[in-house]
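Next comes start29.cif, a file with mmCIF, C-alpha atoms and all ligand atoms.
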```
data_input
#
loop_
_atom_site.label_atom_id
_atom_site.label_comp_id
_atom_site.auth_asym_id
_atom_site.auth_seq_id
_atom_site.Cartn_x
_atom_site.Cartn_y
_atom_site.Cartn_z
CA MET A 1 107.93 77.93 90.83
CA SER A 2 105.04 75.50 90.37
CA SER A 3 105.31 71.83 91.11
CA PHE A 4 103.47 68.90 89.58
CA VAL A 5 101.55 65.97 91.02
CA PHE A 6 104.02 63.69 89.24
CA ALA A 7 107.11 64.25 87.08
CA PRO A 8 106.01 65.90 83.81
CA PRO A 9 106.48 63.86 80.61
CA ALA A 10 109.72 64.39 78.71
CA THR A 11 109.71 66.96 75.89
CA ALA A 12 109.63 65.23 72.51
CA SER A 13 112.62 66.26 70.40
CA VAL A 14 114.47 65.62 67.14
CA PRO A 15 118.24 65.73 66.51
CA VAL A 16 119.69 68.64 64.52
CA ALA A 17 122.36 67.75 61.95
CA GLY A 18 125.83 68.63 63.17
CA ARG A 19 124.69 70.01 66.53
CA SER A 20 124.46 68.58 70.01
CA GLU A 21 121.34 70.65 70.81
CA ARG A 22 118.04 69.03 69.82
CA PHE A 23 114.91 70.57 68.30
CA PRO A 24 112.07 70.55 70.87
CA VAL A 25 108.73 69.52 69.37
CA HIS A 26 105.65 71.58 70.23
CA ARG A 27 103.00 70.26 67.79
CA ILE A 28 102.91 68.18 64.62
CA TYR A 29 100.67 69.47 61.83
CA CYS A 30 100.07 67.67 58.54
CA ILE A 31 98.44 68.61 55.24
CA GLY A 32 96.53 66.10 53.09
CA ARG A 33 96.26 65.77 49.30
CA ASN A 34 99.15 68.14 48.54
CA TYR A 35 100.37 66.28 45.42
CA ALA A 36 97.91 65.87 42.54
CA GLU A 37 99.09 62.31 41.71
CA HIS A 38 98.55 61.17 45.30
CA ALA A 39 95.10 62.77 45.47
CA LYS A 40 94.28 60.86 42.26
CA GLU A 41 95.46 57.50 43.65
CA MET A 42 93.22 58.13 46.69
CA GLY A 43 90.28 58.89 44.41
CA ALA A 44 90.12 62.50 45.60
CA ALA A 45 90.39 65.95 44.06
CA VAL A 46 92.91 68.60 45.11
CA THR A 47 91.35 71.66 46.72
CA PRO A 48 94.14 74.22 47.15
CA GLU A 49 91.69 76.87 48.33
CA ASP A 50 90.46 74.59 51.13
CA PRO A 51 93.39 72.44 52.32
CA ILE A 52 92.92 69.45 54.65
CA PHE A 53 94.87 69.71 57.89
CA PHE A 54 95.23 67.20 60.70
CA MET A 55 97.57 66.66 63.64
CA LYS A 56 99.68 64.08 65.36
CA PRO A 57 100.78 64.22 69.01
CA ALA A 58 104.27 65.67 69.56
CA ASP A 59 105.49 62.43 71.10
CA ALA A 60 104.62 60.48 67.92
CA VAL A 61 108.11 61.32 66.61
CA VAL A 62 110.52 58.40 66.13
CA CYS A 63 114.09 59.43 65.37
CA ASP A 64 116.34 58.15 62.60
CA GLY A 65 117.68 54.65 63.08
CA ALA A 66 115.11 53.53 65.63
CA ASP A 67 112.86 50.53 65.21
CA VAL A 68 109.17 51.37 64.75
CA ALA A 69 106.64 49.12 66.47
CA TYR A 70 103.86 48.02 64.08
CA PRO A 71 100.80 49.75 65.54
CA PRO A 72 97.78 47.92 66.93
CA ALA A 73 94.26 47.99 65.47
CA THR A 74 95.25 47.98 61.79
CA MET A 75 95.70 45.44 59.01
CA ASP A 76 96.90 48.08 56.52
CA LEU A 77 99.64 50.42 57.75
CA HIS A 78 100.81 52.74 54.94
CA HIS A 79 103.93 54.84 54.44
CA GLU A 80 103.72 58.45 53.24
CA VAL A 81 107.14 60.03 52.71
CA GLU A 82 107.06 63.81 53.23
CA LEU A 83 109.25 66.89 53.47
CA VAL A 84 108.92 68.25 57.02
CA LEU A 85 109.20 71.92 58.00
CA ALA A 86 110.59 72.68 61.47
CA LEU A 87 109.47 76.10 62.70
CA GLY A 88 111.67 78.49 64.67
CA GLN A 89 108.96 81.10 65.09
CA GLY A 90 105.23 81.26 64.54
CA GLY A 91 102.24 83.53 64.69
CA ARG A 92 98.75 83.83 63.23
CA ASP A 93 97.62 84.92 59.78
CA LEU A 94 101.16 84.81 58.42
CA ASP A 95 101.95 86.56 55.16
CA GLU A 96 104.39 84.99 52.71
CA ALA A 97 107.48 86.74 54.12
CA SER A 98 106.71 85.81 57.74
CA ALA A 99 105.81 82.23 56.69
CA LEU A 100 109.20 81.84 54.99
CA ALA A 101 110.94 83.44 57.99
CA ALA A 102 109.24 80.94 60.34
CA ILE A 103 111.00 77.96 58.73
CA TRP A 104 114.00 77.06 60.92
CA GLY A 105 114.90 73.83 59.19
CA HIS A 106 113.81 70.84 57.11
CA ALA A 107 113.77 67.10 57.59
CA VAL A 108 112.51 63.99 55.85
CA GLY A 109 109.65 62.19 57.59
CA LEU A 110 107.01 59.50 57.26
CA ASP A 111 103.34 60.20 57.94
CA LEU A 112 102.42 56.64 58.95
CA THR A 113 98.74 55.97 58.32
CA ARG A 114 96.33 53.23 59.36
CA ARG A 115 94.75 53.24 55.89
CA ASP A 116 91.94 50.86 56.83
CA LEU A 117 90.87 53.06 59.73
CA GLN A 118 91.13 56.16 57.55
CA ALA A 119 88.85 54.57 54.92
CA LYS A 120 86.34 53.69 57.65
CA ALA A 121 86.45 57.25 59.05
CA LYS A 122 85.99 58.75 55.57
CA ALA A 123 82.97 56.48 54.94
CA LYS A 124 81.38 57.57 58.22
CA GLY A 125 82.35 61.23 57.88
CA ALA A 126 84.24 60.76 61.16
CA PRO A 127 87.55 62.34 62.29
CA TRP A 128 90.88 60.88 61.10
CA ASP A 129 92.57 60.90 64.51
CA VAL A 130 92.90 57.15 65.05
CA ALA A 131 94.11 56.75 61.45
CA LYS A 132 96.81 59.40 61.70
CA GLY A 133 97.61 60.50 65.25
CA PHE A 134 98.77 57.28 66.90
CA ASP A 135 101.90 56.33 68.86
CA ALA A 136 105.11 56.32 66.79
CA SER A 137 103.28 57.56 63.68
CA ALA A 138 105.88 60.20 62.78
CA PRO A 139 109.36 58.79 62.04
CA ILE A 140 111.64 61.74 61.19
CA GLY A 141 115.26 62.24 60.21
CA ALA A 142 117.57 64.82 61.75
CA ILE A 143 116.71 68.46 60.97
CA ARG A 144 119.05 70.56 58.83
CA PRO A 145 118.80 74.32 59.54
CA VAL A 146 117.76 76.64 56.68
CA SER A 147 120.90 78.65 57.45
CA GLU A 148 122.69 75.81 55.60
CA THR A 149 120.20 75.12 52.79
CA GLY A 150 117.88 78.07 52.31
CA VAL A 151 114.15 77.34 52.08
CA LEU A 152 113.76 74.26 49.88
CA SER A 153 111.45 74.55 46.87
CA ASN A 154 112.64 71.76 44.57
CA GLY A 155 114.49 68.45 44.71
CA VAL A 156 113.47 64.82 44.64
CA LEU A 157 111.93 63.25 47.72
CA ARG A 158 112.33 59.47 47.68
CA LEU A 159 111.35 56.44 49.72
CA ASP A 160 112.72 52.93 49.35
CA VAL A 161 111.41 49.94 51.27
CA ASN A 162 113.67 46.85 51.39
CA ASP A 163 115.85 48.54 48.72
CA GLN A 164 112.89 48.84 46.31
CA LEU A 165 111.69 52.25 45.15
CA ARG A 166 108.21 53.07 46.51
CA GLN A 167 107.73 56.85 46.24
CA GLN A 168 109.62 59.49 44.28
CA SER A 169 108.59 63.02 43.38
CA ASP A 170 109.96 66.54 43.12
CA ILE A 171 108.71 68.79 45.92
CA ALA A 172 108.14 71.42 43.22
CA ASP A 173 104.99 69.35 42.48
CA MET A 174 103.40 70.25 45.82
CA VAL A 175 99.95 71.83 45.29
CA LEU A 176 100.64 74.37 48.08
CA ASP A 177 104.32 75.22 48.56
CA SER A 178 105.83 75.52 52.04
CA ALA A 179 104.99 79.22 52.47
CA LYS A 180 101.40 78.73 51.29
CA ILE A 181 100.92 75.78 53.66
CA LEU A 182 102.04 77.89 56.64
CA MET A 183 99.91 80.85 55.51
CA ALA A 184 96.81 78.63 55.32
CA LEU A 185 97.58 76.71 58.54
CA SER A 186 98.08 79.95 60.49
CA ARG A 187 94.49 80.95 59.70
CA PHE A 188 93.39 78.09 61.98
CA TYR A 189 96.15 77.88 64.60
CA THR A 190 98.71 80.08 66.30
CA LEU A 191 101.93 78.53 65.04
CA GLN A 192 104.85 78.35 67.44
CA ALA A 193 108.56 77.66 67.52
CA GLY A 194 108.89 73.88 67.84
CA ASP A 195 106.05 73.04 65.47
CA LEU A 196 106.71 70.42 62.79
CA VAL A 197 104.69 70.57 59.57
CA PHE A 198 104.42 67.51 57.29
CA THR A 199 103.91 68.89 53.79
CA GLY A 200 102.05 66.00 52.12
CA THR A 201 103.04 62.88 50.24
CA PRO A 202 103.56 62.09 46.56
CA SER A 203 101.93 59.06 44.91
CA GLY A 204 103.05 55.51 45.58
CA VAL A 205 101.74 55.07 49.12
CA ALA A 206 101.63 51.39 50.05
CA ALA A 207 101.74 48.96 52.94
CA LEU A 208 104.52 48.44 55.46
CA ALA A 209 104.89 45.07 57.19
CA ARG A 210 106.87 43.89 60.21
CA GLY A 211 110.49 43.42 59.18
CA ASP A 212 110.37 46.04 56.40
CA VAL A 213 113.31 48.46 56.28
CA PHE A 214 112.55 51.98 55.07
CA HIS A 215 114.98 54.56 53.73
CA ALA A 216 113.80 58.10 52.93
CA THR A 217 116.00 60.71 51.29
CA PHE A 218 116.06 64.28 50.01
CA PRO A 219 119.19 65.91 48.54
CA GLY A 220 121.04 67.89 51.21
CA LEU A 221 118.98 66.58 54.14
CA PRO A 222 119.93 63.82 56.58
CA GLU A 223 118.45 60.48 55.54
CA LEU A 224 115.79 58.63 57.52
CA ARG A 225 116.23 54.91 58.10
CA GLY A 226 114.24 52.56 60.25
CA ARG A 227 112.74 49.10 60.56
CA MET A 228 109.22 47.95 61.33
CA ILE A 229 109.12 45.41 64.15
MN MN A 301 100.46 62.57 54.65
#
```
Spell out the structure here as C-alpha cells.
Amino acid sequence: MSSFVFAPPATASVPVAGRSERFPVHRIYCIGRNYAEHAKEMGAAVTPEDPIFFMKPADAVVCDGADVAYPPATMDLHHEVELVLALGQGGRDLDEASALAAIWGHAVGLDLTRRDLQAKAKAKGAPWDVAKGFDASAPIGAIRPVSETGVLSNGVLRLDVNDQLRQQSDIADMVLDSAKILMALSRFYTLQAGDLVFTGTPSGVAALARGDVFHATFPGLPELRGRMI
C-alpha cells in the first residue's frame, strides 16, 4: 500500500436522493451553446457537428443548501441553470446505447461563469478556464438515479433568483440530447464512473450578486437552493 507525503485531499461528492451513500465526483465536463436561444443571446451560432466542451475541477461542486462565496476577479458573475448527467460507467467512442447506459442519474446544477473574463478570453482567443473552472463554480442538487426516472429527454428546467423567474426551457430544446453529448465527448476523453456532465443552459443568463438566493428545479429531480455571500 502506497503512502503520501501528506494526507490526500478529500474526494468531492454529491448527495444521492433517498440514499446515505454519496456520488463520488471524478471530473466535471460541460458543453457550451447547447440551446439555440442561448447561443443567440451570446451572439453565437450553434454548431452541433463541432460542440464546445470545457471542464471544471471536481471540487468545484457546492451541494444544495450551501452558501456560495462570490468569486474573486470578476464584476459580472452569471448563472447558467443546467441539467446534469451523473455517469455510472464510461468508455471511449460510445455509441448511443452505451451512452444511454452510462447515465446513472440526473441532477440540477448551475454552471457559474465569470462572464467578463469569458468575454476577455473570447476576444483574445484564449482558454476559458478562469471564466468557468473556478472554486465553487458548480452548485448542484442531489442526484436522482435513472432507476427511478429513466433517462430524461423532456421537462421544464427552471431557475428563479430572489423568487423572480430568470431561466425556463424544456430540455427537449437541447441542440445535442444527452446521448449525443456523451457520444461526442467520448471522442475526446475516456469517460468514467463519477463524471458529471453539465448539458448546457437555456436563454436568460444574467448576473448574480451577493445576497441573491437561487432556486433551480426540474420535475422529478431534487431542487437546488443556495445563496450568494
Ligand atoms: Mn453552461
### Task
Check every protein, DNA and RNA residue against ligand MN 301 (chain A), keep those with an atom at most 7 Å away (counting only C-alpha atoms and all ligand atoms), and present them as a ChimeraX atom specification.
/A:30-32,80,82,111,198,200-201
### Task
Write out as a ChimeraX atom specification each polymer residue whose atoms come within 10 Å of A:Ala10, counting all atoms listed in the file; drop sequence neighbours fewer than 3 positions from it.
/A:7,13,59
#### Entry: Nearest-residue call for A:Ile171, choices A:Phe54, A:Tyr70, A:Tyr35, A:Phe4, using only C-alpha atoms
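Ranked by minimum distance to A:Ile171, first place goes to A:Tyr35.
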### Task
Please provide as a list in words all residues within 8 Å of A:Gly211, with the sequence filter that same-chain residues fewer than 5 positions apart are discarded (counting only C-alpha atoms).
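The neighbour list is Arg227, Met228 and Ile229 of chain A.
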### Summary
Expressed in Å, the length from atom CA of A:Arg187 to atom CA of A:Thr149 is 27.3 Å
### Task
Name the residues in contact with A:Ile140 at a cut-off of 10 Å, using all atoms listed in the file, excluding same-chain residues fewer than 6 positions from it; report them as an MDAnalysis selection string.
chainID A and resid 14:15 60:66 81:84 107:111 216 222:226
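From atom CA of A:Val5 back to atom CA of A:Ala58, the distance works out to 21.6 Å.
Shortest separation to A:Asp93 among A:Arg158, A:Lys180, A:His215, A:Arg115 occurs at residue A:Lys180, atoms counted being all atoms listed in the file.
Taking atom CA of A:Pro219 and atom CA of A:Asp163 as endpoints, the distance between them is 17.7 Å.
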Determine the axis-aligned bounding box of all atoms of stretch 60-70 of chain A present in the file, pad each side by 3 Å, and express its centre and edge lengths in Å to one decimal place as AutoDock Vina command-line options.
```
--center_x 110.8 --center_y 54.7 --center_z 65.3 --size_x 19.8 --size_y 19.3 --size_z 11.3
```
